[in-house]
>>> print(open('model-v1.csv').read())   # CSV, N, CA and C atoms and all ligand atoms
chain,number,residue,atom,x,y,z
A,12,MET,N,9.6,-15.6,-14.5
A,12,MET,CA,8.3,-16.0,-14.0
A,12,MET,C,7.4,-14.8,-13.9
A,13,HIS,N,6.2,-14.9,-14.4
A,13,HIS,CA,5.2,-13.9,-14.5
A,13,HIS,C,4.9,-13.3,-13.1
A,14,GLU,N,4.7,-14.1,-12.1
A,14,GLU,CA,4.3,-13.6,-10.8
A,14,GLU,C,5.5,-12.8,-10.2
A,15,LEU,N,6.7,-13.2,-10.4
A,15,LEU,CA,7.8,-12.5,-9.9
A,15,LEU,C,7.9,-11.1,-10.5
A,16,SER,N,7.7,-10.9,-11.8
A,16,SER,CA,7.7,-9.6,-12.4
A,16,SER,C,6.6,-8.7,-11.9
A,17,ILE,N,5.5,-9.3,-11.5
A,17,ILE,CA,4.4,-8.6,-10.9
A,17,ILE,C,4.8,-8.0,-9.5
A,18,ILE,N,5.5,-8.9,-8.7
A,18,ILE,CA,6.0,-8.4,-7.4
A,18,ILE,C,6.9,-7.3,-7.6
A,19,TYR,N,7.8,-7.4,-8.6
A,19,TYR,CA,8.8,-6.3,-8.8
A,19,TYR,C,8.1,-5.0,-9.2
A,20,SER,N,7.0,-5.1,-10.0
A,20,SER,CA,6.3,-3.9,-10.3
A,20,SER,C,5.6,-3.3,-9.1
A,21,ILE,N,5.1,-4.1,-8.3
A,21,ILE,CA,4.5,-3.7,-7.0
A,21,ILE,C,5.5,-3.0,-6.2
A,22,LEU,N,6.7,-3.6,-6.1
A,22,LEU,CA,7.8,-3.1,-5.2
A,22,LEU,C,8.2,-1.7,-5.7
A,23,GLU,N,8.3,-1.6,-7.0
A,23,GLU,CA,8.8,-0.4,-7.7
A,23,GLU,C,7.8,0.8,-7.3
A,24,ALA,N,6.5,0.5,-7.5
A,24,ALA,CA,5.5,1.5,-7.2
A,24,ALA,C,5.5,1.8,-5.7
A,25,ALA,N,5.7,0.9,-4.9
A,25,ALA,CA,5.7,1.1,-3.4
A,25,ALA,C,6.9,2.0,-3.0
A,26,GLU,N,8.1,1.7,-3.7
A,26,GLU,CA,9.3,2.4,-3.4
A,26,GLU,C,9.1,3.9,-3.8
A,27,GLN,N,8.5,4.1,-5.0
A,27,GLN,CA,8.3,5.4,-5.5
A,27,GLN,C,7.4,6.2,-4.5
A,28,GLU,N,6.4,5.6,-4.1
A,28,GLU,CA,5.5,6.2,-3.2
A,28,GLU,C,6.2,6.5,-1.8
A,29,ALA,N,7.0,5.6,-1.3
A,29,ALA,CA,7.6,5.8,0.0
A,29,ALA,C,8.7,6.9,-0.1
A,30,GLN,N,9.3,7.0,-1.3
A,30,GLN,CA,10.3,8.1,-1.5
A,30,GLN,C,9.8,9.5,-1.2
A,31,ARG,N,8.5,9.6,-1.6
A,31,ARG,CA,7.9,10.9,-1.4
A,31,ARG,C,7.7,11.3,0.1
A,32,HIS,N,7.9,10.2,1.0
A,32,HIS,CA,7.7,10.5,2.4
A,32,HIS,C,9.0,10.5,3.1
A,33,GLY,N,10.1,10.5,2.4
A,33,GLY,CA,11.4,10.7,3.0
A,33,GLY,C,12.1,9.5,3.4
A,34,GLU,N,13.3,9.7,3.9
A,34,GLU,CA,14.3,8.6,4.3
A,34,GLU,C,13.7,7.8,5.5
A,35,GLY,N,13.9,6.5,5.4
A,35,GLY,CA,13.6,5.6,6.5
A,35,GLY,C,12.1,5.2,6.6
A,36,THR,N,11.4,5.6,5.5
A,36,THR,CA,10.0,5.2,5.4
A,36,THR,C,9.8,3.7,5.3
A,37,MET,N,9.0,3.1,6.0
A,37,MET,CA,8.7,1.7,5.8
A,37,MET,C,7.2,1.5,5.5
A,38,VAL,N,6.9,0.4,4.8
A,38,VAL,CA,5.5,0.1,4.5
A,38,VAL,C,5.1,-1.0,5.5
A,39,GLU,N,4.0,-0.6,6.2
A,39,GLU,CA,3.5,-1.5,7.2
A,39,GLU,C,2.5,-2.5,6.7
A,40,ALA,N,1.7,-2.1,5.7
A,40,ALA,CA,0.8,-3.0,5.1
A,40,ALA,C,0.5,-2.5,3.7
A,41,ILE,N,0.2,-3.5,2.8
A,41,ILE,CA,-0.1,-3.2,1.5
A,41,ILE,C,-1.3,-4.0,1.1
A,42,ASP,N,-2.2,-3.3,0.5
A,42,ASP,CA,-3.5,-3.9,0.0
A,42,ASP,C,-3.5,-4.0,-1.5
A,43,LEU,N,-3.6,-5.2,-2.0
A,43,LEU,CA,-3.6,-5.4,-3.4
A,43,LEU,C,-5.0,-5.9,-3.9
A,44,GLU,N,-5.2,-5.5,-5.1
A,44,GLU,CA,-6.5,-6.0,-5.7
A,44,GLU,C,-6.1,-6.7,-7.0
A,45,ILE,N,-6.3,-8.0,-7.0
A,45,ILE,CA,-6.0,-8.9,-8.1
A,45,ILE,C,-7.2,-9.7,-8.5
A,46,GLY,N,-7.8,-9.3,-9.6
A,46,GLY,CA,-9.1,-9.9,-10.0
A,46,GLY,C,-8.9,-11.4,-10.4
A,47,GLU,N,-9.9,-12.1,-10.4
A,47,GLU,CA,-9.9,-13.6,-10.7
A,47,GLU,C,-9.5,-13.8,-12.2
A,48,LEU,N,-9.7,-12.8,-13.0
A,48,LEU,CA,-9.4,-12.9,-14.4
A,48,LEU,C,-8.1,-12.2,-14.8
A,49,ALA,N,-7.3,-11.8,-13.8
A,49,ALA,CA,-6.1,-11.1,-14.1
A,49,ALA,C,-5.0,-12.0,-14.5
A,50,GLY,N,-5.2,-13.3,-14.4
A,50,GLY,CA,-4.2,-14.2,-14.8
A,50,GLY,C,-3.0,-14.4,-13.9
A,51,VAL,N,-3.2,-14.1,-12.6
A,51,VAL,CA,-2.1,-14.2,-11.6
A,51,VAL,C,-2.4,-15.4,-10.7
A,52,GLU,N,-1.3,-16.2,-10.6
A,52,GLU,CA,-1.4,-17.4,-9.7
A,52,GLU,C,-1.1,-16.8,-8.3
A,53,ILE,N,-2.2,-16.7,-7.4
A,53,ILE,CA,-2.0,-16.1,-6.1
A,53,ILE,C,-1.0,-17.0,-5.3
A,54,SER,N,-1.1,-18.3,-5.4
A,54,SER,CA,-0.3,-19.2,-4.6
A,54,SER,C,1.2,-19.0,-5.0
A,55,SER,N,1.5,-18.8,-6.3
A,55,SER,CA,2.9,-18.6,-6.6
A,55,SER,C,3.4,-17.2,-6.1
A,56,LEU,N,2.5,-16.2,-6.2
A,56,LEU,CA,2.8,-14.9,-5.8
A,56,LEU,C,3.1,-14.9,-4.3
A,57,GLU,N,2.3,-15.6,-3.5
A,57,GLU,CA,2.5,-15.6,-2.1
A,57,GLU,C,3.8,-16.4,-1.7
A,58,PHE,N,4.1,-17.4,-2.6
A,58,PHE,CA,5.2,-18.3,-2.4
A,58,PHE,C,6.5,-17.4,-2.6
A,59,LEU,N,6.5,-16.6,-3.7
A,59,LEU,CA,7.7,-15.9,-4.1
A,59,LEU,C,7.9,-14.6,-3.3
A,60,TRP,N,6.8,-14.1,-2.7
A,60,TRP,CA,6.8,-12.8,-2.0
A,60,TRP,C,7.9,-12.6,-1.0
A,61,PRO,N,8.0,-13.5,0.0
A,61,PRO,CA,9.0,-13.3,1.1
A,61,PRO,C,10.4,-13.1,0.6
A,62,ALA,N,10.9,-13.9,-0.4
A,62,ALA,CA,12.2,-13.8,-0.9
A,62,ALA,C,12.4,-12.5,-1.8
A,63,ALA,N,11.3,-12.2,-2.5
A,63,ALA,CA,11.4,-11.1,-3.4
A,63,ALA,C,11.5,-9.7,-2.7
A,64,VAL,N,10.8,-9.6,-1.6
A,64,VAL,CA,10.8,-8.4,-0.9
A,64,VAL,C,11.8,-8.3,0.3
A,65,ALA,N,12.5,-9.3,0.5
A,65,ALA,CA,13.5,-9.3,1.6
A,65,ALA,C,14.5,-8.1,1.4
A,66,GLY,N,14.7,-7.4,2.4
A,66,GLY,CA,15.7,-6.3,2.3
A,66,GLY,C,15.1,-5.0,1.6
A,67,THR,N,13.8,-5.0,1.3
A,67,THR,CA,13.2,-3.9,0.7
A,67,THR,C,12.2,-3.2,1.7
A,68,ILE,N,11.6,-2.1,1.3
A,68,ILE,CA,10.7,-1.5,2.2
A,68,ILE,C,9.4,-2.3,2.4
A,69,LEU,N,9.2,-3.4,1.6
A,69,LEU,CA,8.1,-4.2,1.8
A,69,LEU,C,8.3,-5.4,2.7
A,70,GLU,N,9.6,-5.5,3.2
A,70,GLU,CA,10.0,-6.7,3.9
A,70,GLU,C,9.0,-7.0,5.0
A,71,LYS,N,8.6,-6.0,5.8
A,71,LYS,CA,7.8,-6.3,7.0
A,71,LYS,C,6.3,-6.0,6.7
A,72,ALA,N,6.0,-5.7,5.5
A,72,ALA,CA,4.6,-5.3,5.2
A,72,ALA,C,3.7,-6.5,5.2
A,73,ALA,N,2.6,-6.3,5.8
A,73,ALA,CA,1.5,-7.3,5.7
A,73,ALA,C,0.8,-7.2,4.4
A,74,CYS,N,0.7,-8.2,3.7
A,74,CYS,CA,0.2,-8.2,2.3
A,74,CYS,C,-1.2,-8.8,2.3
A,75,ASN,N,-2.2,-7.9,2.0
A,75,ASN,CA,-3.6,-8.4,1.9
A,75,ASN,C,-4.0,-8.3,0.4
A,76,ILE,N,-4.5,-9.4,0.0
A,76,ILE,CA,-4.9,-9.5,-1.4
A,76,ILE,C,-6.4,-9.7,-1.5
A,77,ALA,N,-7.1,-8.7,-2.2
A,77,ALA,CA,-8.5,-8.9,-2.4
A,77,ALA,C,-8.7,-9.4,-3.8
A,78,ARG,N,-9.7,-10.3,-4.0
A,78,ARG,CA,-9.9,-10.9,-5.3
A,78,ARG,C,-11.3,-10.7,-5.9
A,79,PRO,N,-11.4,-9.5,-6.6
A,79,PRO,CA,-12.7,-9.3,-7.2
A,79,PRO,C,-13.1,-10.4,-8.2
A,80,ALA,N,-14.3,-10.9,-8.1
A,80,ALA,CA,-14.8,-12.0,-8.9
A,80,ALA,C,-15.0,-11.5,-10.3
A,81,GLY,N,-14.9,-12.5,-11.3
A,81,GLY,CA,-15.1,-12.1,-12.7
A,81,GLY,C,-16.5,-11.9,-13.0
A,82,LYS,N,-16.8,-10.9,-13.8
A,82,LYS,CA,-18.1,-10.6,-14.2
A,82,LYS,C,-18.1,-10.1,-15.6
A,83,ALA,N,-19.1,-10.5,-16.4
A,83,ALA,CA,-19.2,-10.1,-17.8
A,83,ALA,C,-20.6,-9.6,-18.1
A,84,ARG,N,-20.6,-8.9,-19.2
A,84,ARG,CA,-21.9,-8.5,-19.8
A,84,ARG,C,-22.0,-9.0,-21.2
A,85,CYS,N,-23.1,-9.7,-21.5
A,85,CYS,CA,-23.2,-10.4,-22.8
A,85,CYS,C,-23.4,-9.3,-23.8
A,86,GLY,N,-22.6,-9.4,-24.9
A,86,GLY,CA,-22.7,-8.4,-26.0
A,86,GLY,C,-23.9,-8.6,-26.9
A,87,SER,N,-24.6,-9.8,-26.7
A,87,SER,CA,-25.7,-10.1,-27.6
A,87,SER,C,-27.0,-9.7,-26.9
A,88,CYS,N,-27.2,-10.2,-25.6
A,88,CYS,CA,-28.5,-10.0,-24.9
A,88,CYS,C,-28.4,-9.0,-23.8
A,89,GLY,N,-27.2,-8.6,-23.4
A,89,GLY,CA,-27.0,-7.6,-22.3
A,89,GLY,C,-27.1,-8.2,-20.9
A,90,HIS,N,-27.2,-9.5,-20.8
A,90,HIS,CA,-27.2,-10.2,-19.5
A,90,HIS,C,-25.9,-10.1,-18.8
A,91,ALA,N,-25.9,-9.7,-17.5
A,91,ALA,CA,-24.6,-9.7,-16.7
A,91,ALA,C,-24.5,-10.9,-15.9
A,92,PHE,N,-23.4,-11.5,-15.9
A,92,PHE,CA,-23.2,-12.8,-15.2
A,92,PHE,C,-21.8,-13.0,-14.7
A,93,ALA,N,-21.7,-14.0,-13.7
A,93,ALA,CA,-20.4,-14.3,-13.2
A,93,ALA,C,-19.6,-15.1,-14.2
A,94,ILE,N,-18.3,-14.8,-14.3
A,94,ILE,CA,-17.6,-15.5,-15.3
A,94,ILE,C,-16.3,-16.0,-14.7
A,95,LYS,N,-15.9,-17.3,-15.0
A,95,LYS,CA,-14.7,-17.9,-14.4
A,95,LYS,C,-13.5,-17.8,-15.4
A,96,GLN,N,-13.8,-17.8,-16.7
A,96,GLN,CA,-12.8,-17.8,-17.7
A,96,GLN,C,-13.3,-16.9,-18.8
A,97,TYR,N,-12.3,-16.4,-19.6
A,97,TYR,CA,-12.6,-15.4,-20.6
A,97,TYR,C,-13.7,-15.9,-21.6
A,98,PHE,N,-13.7,-17.1,-22.0
A,98,PHE,CA,-14.5,-17.5,-23.1
A,98,PHE,C,-15.7,-18.3,-22.6
A,99,ASP,N,-16.1,-18.1,-21.4
A,99,ASP,CA,-17.4,-18.7,-20.9
A,99,ASP,C,-18.5,-18.1,-21.7
A,100,PRO,N,-19.4,-18.9,-22.2
A,100,PRO,CA,-20.6,-18.4,-22.9
A,100,PRO,C,-21.6,-17.7,-21.9
A,101,CYS,N,-22.4,-16.9,-22.5
A,101,CYS,CA,-23.5,-16.3,-21.7
A,101,CYS,C,-24.5,-17.4,-21.3
A,102,PRO,N,-24.9,-17.5,-20.1
A,102,PRO,CA,-25.8,-18.6,-19.6
A,102,PRO,C,-27.2,-18.3,-20.2
A,103,GLN,N,-27.5,-17.1,-20.6
A,103,GLN,CA,-28.9,-16.8,-21.1
A,103,GLN,C,-29.1,-17.2,-22.6
A,104,CYS,N,-28.1,-16.8,-23.4
A,104,CYS,CA,-28.2,-17.0,-24.8
A,104,CYS,C,-27.1,-17.8,-25.5
A,105,GLY,N,-26.1,-18.1,-24.7
A,105,GLY,CA,-25.0,-18.9,-25.3
A,105,GLY,C,-24.0,-18.2,-26.1
A,106,SER,N,-24.1,-16.8,-26.1
A,106,SER,CA,-23.1,-16.1,-26.9
A,106,SER,C,-21.8,-16.0,-26.2
A,107,HIS,N,-20.7,-16.0,-27.1
A,107,HIS,CA,-19.4,-15.8,-26.5
A,107,HIS,C,-18.8,-14.4,-26.6
A,108,TRP,N,-19.7,-13.5,-27.1
A,108,TRP,CA,-19.3,-12.1,-27.3
A,108,TRP,C,-19.6,-11.4,-26.0
A,109,ASN,N,-18.6,-11.4,-25.1
A,109,ASN,CA,-18.8,-10.9,-23.7
A,109,ASN,C,-17.9,-9.7,-23.5
A,110,GLU,N,-18.4,-8.8,-22.7
A,110,GLU,CA,-17.5,-7.7,-22.3
A,110,GLU,C,-17.2,-7.9,-20.8
A,111,ILE,N,-15.9,-8.0,-20.5
A,111,ILE,CA,-15.6,-8.2,-19.1
A,111,ILE,C,-15.8,-6.8,-18.3
A,112,ILE,N,-16.5,-6.9,-17.2
A,112,ILE,CA,-16.8,-5.7,-16.5
A,112,ILE,C,-16.2,-5.7,-15.1
A,113,ASN,N,-15.7,-6.9,-14.7
A,113,ASN,CA,-15.1,-7.0,-13.4
A,113,ASN,C,-14.1,-8.2,-13.4
A,114,GLY,N,-13.1,-8.1,-12.6
A,114,GLY,CA,-12.2,-9.3,-12.4
A,114,GLY,C,-10.9,-9.2,-13.0
A,115,GLU,N,-10.6,-8.1,-13.8
A,115,GLU,CA,-9.3,-7.9,-14.4
A,115,GLU,C,-8.4,-7.0,-13.6
A,116,GLU,N,-8.8,-6.6,-12.5
A,116,GLU,CA,-8.0,-5.7,-11.7
A,116,GLU,C,-6.6,-6.2,-11.3
A,117,LEU,N,-5.6,-5.4,-11.4
A,117,LEU,CA,-4.3,-5.7,-10.9
A,117,LEU,C,-3.7,-4.4,-10.4
A,118,ARG,N,-3.9,-4.1,-9.2
A,118,ARG,CA,-3.4,-2.8,-8.7
A,118,ARG,C,-3.2,-2.8,-7.2
A,119,ILE,N,-2.4,-1.8,-6.8
A,119,ILE,CA,-2.2,-1.5,-5.4
A,119,ILE,C,-3.4,-0.6,-4.9
A,120,LYS,N,-4.2,-1.1,-4.0
A,120,LYS,CA,-5.3,-0.4,-3.5
A,120,LYS,C,-4.9,0.7,-2.5
A,121,SER,N,-4.0,0.2,-1.5
A,121,SER,CA,-3.5,1.2,-0.6
A,121,SER,C,-2.2,0.7,0.1
A,122,LEU,N,-1.5,1.7,0.6
A,122,LEU,CA,-0.2,1.4,1.3
A,122,LEU,C,-0.3,2.1,2.6
A,123,THR,N,0.0,1.3,3.7
A,123,THR,CA,0.1,1.9,5.0
A,123,THR,C,1.6,2.2,5.3
A,124,ILE,N,1.9,3.4,5.5
A,124,ILE,CA,3.3,3.8,5.6
A,124,ILE,C,3.6,4.3,7.0
A,125,THR,N,4.8,4.0,7.5
A,125,THR,CA,5.3,4.7,8.7
A,125,THR,C,6.6,5.4,8.3
A,126,CYS,N,6.6,6.6,8.8
A,126,CYS,CA,7.8,7.5,8.5
A,126,CYS,C,8.7,7.5,9.8
A,127,ALA,N,10.0,7.4,9.5
A,127,ALA,CA,11.0,7.3,10.6
A,127,ALA,C,11.0,8.7,11.3
A,128,GLN,N,10.9,9.8,10.5
A,128,GLN,CA,10.8,11.1,11.1
A,128,GLN,C,9.4,11.6,11.0
A,129,PRO,N,9.0,12.1,12.2
A,129,PRO,CA,7.6,12.7,12.2
A,129,PRO,C,7.6,13.8,11.1
A,130,ALA,N,6.5,13.9,10.5
A,130,ALA,CA,6.3,14.9,9.5
A,130,ALA,C,6.3,16.3,10.1
A,131,VAL,N,7.0,17.2,9.6
A,131,VAL,CA,7.1,18.6,10.1
A,131,VAL,C,6.5,19.5,9.1
A,132,ALA,N,5.6,20.3,9.5
A,132,ALA,CA,5.0,21.3,8.6
A,132,ALA,C,6.1,22.3,8.2
A,133,ALA,N,6.1,22.8,7.0
A,133,ALA,CA,7.1,23.8,6.6
A,133,ALA,C,6.9,25.0,7.4
A,134,ALA,N,8.0,25.6,7.8
A,134,ALA,CA,8.0,26.9,8.6
A,134,ALA,C,7.4,28.0,7.7
A,135,THR,N,6.6,28.7,8.3
A,135,THR,CA,6.0,29.8,7.6
A,135,THR,C,6.2,31.2,8.3
A,136,ASP,N,6.7,32.2,7.7
A,136,ASP,CA,6.8,33.5,8.3
A,136,ASP,C,5.5,34.1,8.4
A,137,ILE,N,5.2,34.7,9.6
A,137,ILE,CA,3.9,35.3,9.8
A,137,ILE,C,4.0,36.8,9.9
A,138,ASN,N,5.2,37.3,9.8
A,138,ASN,CA,5.3,38.8,9.9
A,138,ASN,C,5.2,39.5,8.6
B,1,ZN,ZN,-26.5,-13.4,-23.8
>>> encode(input="model-v1.csv", output="structure tokens", more="lines below")
Ligand SMILES: [Zn+2]
Amino acid sequence: MHELSIIYSILEAAEQEAQRHGEGTMVEAIDLEIGELAGVEISSLEFLWPAAVAGTILEKAACNIARPAGKARCGSCGHAFAIKQYFDPCPQCGSHWNEIINGEELRIKSLTITCAQPAVAAATDIN
């Protein structure tokens, strides 16, 4: 399932990031940006999420999903307009030659991380 593989990609990226912060790091919150034109079923993603992240660093993470709306610029007349689907015509001139300028986002915007061990600055000799 498409949404499941997306969750695994998110998980992989989050684990890589957490590794840089050392053992016992947990993710407290994760902010995702999934555009309306990204082709992701948010309801399936939310349905699959709890089982997919169980036992991982994302298990207790609050997952916030922002959904940038679709926006396109007409390739014929230059008009920028809201778009719900890829092949919606330009409302001004009816052209289907559109450049998507917003709504294809599929990314992790931020991770809120807690470290088990407080970060200690590296010891530095001063003499
Ligand atoms: Zn147009």
>>> residues_near_ligand(input="model-v1.csv", ligand="ligand ZN 1 (chain B)", cutoff="8 Å", atoms="all atoms listed in the file", output="list in words")
Arg84, Cys85, Gly86, Ser87, Cys88, Gly89, His90, Ala91, Pro100, Cys101, Pro102, Gln103, Cys104, Gly105, Ser106, His107 and Trp108 of chain A
>>> residues_near_point(input="model-v1.csv", point="(-0.3, 1.1, -8.0)", cutoff="9 Å", atoms="only C-alpha atoms", output="list in words")
Ser20, Ile21, Ala24, Ala25, Leu43, Leu117, Arg118, Ile119, Lys120 and Ser121 of chain A
>>> atom_distance(input="model-v1.csv", atom1="atom N of Ile68 (chain A)", atom2="atom C of Ser55 (chain A)")
18.7 Å
>>> select_by_dssp(input="model-v1.csv", residues="chain A", states="strand (DSSP E)", output="ChimeraX atom specification")
/A:37-45,73-77,82-85,91-93,109-113,117-125
>>> write_last_selection(input="model-v1.csv", atoms="N, CA and C atoms", output="JSON list (two decimals), in the frame of the given file")
[["chain", "number", "residue", "atom", "x", "y", "z"],
["A", 37, "MET", "N", 9.00, 3.10, 6.00],
["A", 37, "MET", "CA", 8.70, 1.70, 5.80],
["A", 37, "MET", "C", 7.20, 1.50, 5.50],
["A", 38, "VAL", "N", 6.90, 0.40, 4.80],
["A", 38, "VAL", "CA", 5.50, 0.10, 4.50],
["A", 38, "VAL", "C", 5.10, -1.00, 5.50],
["A", 39, "GLU", "N", 4.00, -0.60, 6.20],
["A", 39, "GLU", "CA", 3.50, -1.50, 7.20],
["A", 39, "GLU", "C", 2.50, -2.50, 6.70],
["A", 40, "ALA", "N", 1.70, -2.10, 5.70],
["A", 40, "ALA", "CA", 0.80, -3.00, 5.10],
["A", 40, "ALA", "C", 0.50, -2.50, 3.70],
["A", 41, "ILE", "N", 0.20, -3.50, 2.80],
["A", 41, "ILE", "CA", -0.10, -3.20, 1.50],
["A", 41, "ILE", "C", -1.30, -4.00, 1.10],
["A", 42, "ASP", "N", -2.20, -3.30, 0.50],
["A", 42, "ASP", "CA", -3.50, -3.90, 0.00],
["A", 42, "ASP", "C", -3.50, -4.00, -1.50],
["A", 43, "LEU", "N", -3.60, -5.20, -2.00],
["A", 43, "LEU", "CA", -3.60, -5.40, -3.40],
["A", 43, "LEU", "C", -5.00, -5.90, -3.90],
["A", 44, "GLU", "N", -5.20, -5.50, -5.10],
["A", 44, "GLU", "CA", -6.50, -6.00, -5.70],
["A", 44, "GLU", "C", -6.10, -6.70, -7.00],
["A", 45, "ILE", "N", -6.30, -8.00, -7.00],
["A", 45, "ILE", "CA", -6.00, -8.90, -8.10],
["A", 45, "ILE", "C", -7.20, -9.70, -8.50],
["A", 73, "ALA", "N", 2.60, -6.30, 5.80],
["A", 73, "ALA", "CA", 1.50, -7.30, 5.70],
["A", 73, "ALA", "C", 0.80, -7.20, 4.40],
["A", 74, "CYS", "N", 0.70, -8.20, 3.70],
["A", 74, "CYS", "CA", 0.20, -8.20, 2.30],
["A", 74, "CYS", "C", -1.20, -8.80, 2.30],
["A", 75, "ASN", "N", -2.20, -7.90, 2.00],
["A", 75, "ASN", "CA", -3.60, -8.40, 1.90],
["A", 75, "ASN", "C", -4.00, -8.30, 0.40],
["A", 76, "ILE", "N", -4.50, -9.40, 0.00],
["A", 76, "ILE", "CA", -4.90, -9.50, -1.40],
["A", 76, "ILE", "C", -6.40, -9.70, -1.50],
["A", 77, "ALA", "N", -7.10, -8.70, -2.20],
["A", 77, "ALA", "CA", -8.50, -8.90, -2.40],
["A", 77, "ALA", "C", -8.70, -9.40, -3.80],
["A", 82, "LYS", "N", -16.80, -10.90, -13.80],
["A", 82, "LYS", "CA", -18.10, -10.60, -14.20],
["A", 82, "LYS", "C", -18.10, -10.10, -15.60],
["A", 83, "ALA", "N", -19.10, -10.50, -16.40],
["A", 83, "ALA", "CA", -19.20, -10.10, -17.80],
["A", 83, "ALA", "C", -20.60, -9.60, -18.10],
["A", 84, "ARG", "N", -20.60, -8.90, -19.20],
["A", 84, "ARG", "CA", -21.90, -8.50, -19.80],
["A", 84, "ARG", "C", -22.00, -9.00, -21.20],
["A", 85, "CYS", "N", -23.10, -9.70, -21.50],
["A", 85, "CYS", "CA", -23.20, -10.40, -22.80],
["A", 85, "CYS", "C", -23.40, -9.30, -23.80],
["A", 91, "ALA", "N", -25.90, -9.70, -17.50],
["A", 91, "ALA", "CA", -24.60, -9.70, -16.70],
["A", 91, "ALA", "C", -24.50, -10.90, -15.90],
["A", 92, "PHE", "N", -23.40, -11.50, -15.90],
["A", 92, "PHE", "CA", -23.20, -12.80, -15.20],
["A", 92, "PHE", "C", -21.80, -13.00, -14.70],
["A", 93, "ALA", "N", -21.70, -14.00, -13.70],
["A", 93, "ALA", "CA", -20.40, -14.30, -13.20],
["A", 93, "ALA", "C", -19.60, -15.10, -14.20],
["A", 109, "ASN", "N", -18.60, -11.40, -25.10],
["A", 109, "ASN", "CA", -18.80, -10.90, -23.70],
["A", 109, "ASN", "C", -17.90, -9.70, -23.50],
["A", 110, "GLU", "N", -18.40, -8.80, -22.70],
["A", 110, "GLU", "CA", -17.50, -7.70, -22.30],
["A", 110, "GLU", "C", -17.20, -7.90, -20.80],
["A", 111, "ILE", "N", -15.90, -8.00, -20.50],
["A", 111, "ILE", "CA", -15.60, -8.20, -19.10],
["A", 111, "ILE", "C", -15.80, -6.80, -18.30],
["A", 112, "ILE", "N", -16.50, -6.90, -17.20],
["A", 112, "ILE", "CA", -16.80, -5.70, -16.50],
["A", 112, "ILE", "C", -16.20, -5.70, -15.10],
["A", 113, "ASN", "N", -15.70, -6.90, -14.70],
["A", 113, "ASN", "CA", -15.10, -7.00, -13.40],
["A", 113, "ASN", "C", -14.10, -8.20, -13.40],
["A", 117, "LEU", "N", -5.60, -5.40, -11.40],
["A", 117, "LEU", "CA", -4.30, -5.70, -10.90],
["A", 117, "LEU", "C", -3.70, -4.40, -10.40],
["A", 118, "ARG", "N", -3.90, -4.10, -9.20],
["A", 118, "ARG", "CA", -3.40, -2.80, -8.70],
["A", 118, "ARG", "C", -3.20, -2.80, -7.20],
["A", 119, "ILE", "N", -2.40, -1.80, -6.80],
["A", 119, "ILE", "CA", -2.20, -1.50, -5.40],
["A", 119, "ILE", "C", -3.40, -0.60, -4.90],
["A", 120, "LYS", "N", -4.20, -1.10, -4.00],
["A", 120, "LYS", "CA", -5.30, -0.40, -3.50],
["A", 120, "LYS", "C", -4.90, 0.70, -2.50],
["A", 121, "SER", "N", -4.00, 0.20, -1.50],
["A", 121, "SER", "CA", -3.50, 1.20, -0.60],
["A", 121, "SER", "C", -2.20, 0.70, 0.10],
["A", 122, "LEU", "N", -1.50, 1.70, 0.60],
["A", 122, "LEU", "CA", -0.20, 1.40, 1.30],
["A", 122, "LEU", "C", -0.30, 2.10, 2.60],
["A", 123, "THR", "N", 0.00, 1.30, 3.70],
["A", 123, "THR", "CA", 0.10, 1.90, 5.00],
["A", 123, "THR", "C", 1.60, 2.20, 5.30],
["A", 124, "ILE", "N", 1.90, 3.40, 5.50],
["A", 124, "ILE", "CA", 3.30, 3.80, 5.60],
["A", 124, "ILE", "C", 3.60, 4.30, 7.00],
["A", 125, "THR", "N", 4.80, 4.00, 7.50],
["A", 125, "THR", "CA", 5.30, 4.70, 8.70],
["A", 125, "THR", "C", 6.60, 5.40, 8.30]]
>>> residues_around(input="model-v1.csv", residues="Ala80 (chain A)", least_positions_apart="6", cutoff="6.5 Å", atoms="only N, CA and C atoms", output="count of residues only")
6
>>> select_by_dssp(input="model-v1.csv", residues="chain A", states="helix (DSSP H, G or I)", output="ChimeraX atom specification")
/A:13-30,53-64
>>> atom_distance(input="model-v1.csv", atom1="atom C of Ala65 (chain A)", atom2="atom C of Arg78 (chain A)")
26.9 Å
>>> atom_distance(input="model-v1.csv", atom1="atom N of Leu122 (chain A)", atom2="atom N of Ala83 (chain A)")
27.3 Å
>>> closest_residue(input="model-v1.csv", among="A:Ala77, A:Leu69, A:Ala62, A:Ile112", to="Glu26 (chain A)", atoms="all atoms listed in the file")
A:Leu69
>>> closest_residue(input="model-v1.csv", among="A:Phe92, A:Arg31, A:Met37, A:Glu14", to="Glu57 (chain A)", atoms="all atoms listed in the file")
A:Glu14
>>> closest_residue(input="model-v1.csv", among="A:Ile111, A:Ile18, A:Ile137, A:Ala127", to="Val64 (chain A)", atoms="all atoms listed in the file")
A:Ile18
>>> closest_residue(input="model-v1.csv", among="A:Ile124, A:Leu56, A:Tyr97, A:Ile17", to="Ile41 (chain A)", atoms="all atoms listed in the file")
A:Ile124
>>> residues_around(input="model-v1.csv", residues="Ala63 (chain A)", least_positions_apart="3", cutoff="8 Å", atoms="all atoms listed in the file", output="number ranges by chain")
A: 15, 18-19, 22, 58-60, 66-67, 69-70
>>> closest_residue(input="model-v1.csv", among="A:Lys95, A:Lys82, A:Lys71, A:His32", to="Gly50 (chain A)", atoms="only C-alpha atoms")
A:Lys95
>>> closest_residue(input="model-v1.csv", among="A:Ile45, A:Ile53, A:Cys126, A:Ile76", to="Gly33 (chain A)", atoms="only N, CA and C atoms")
A:Cys126
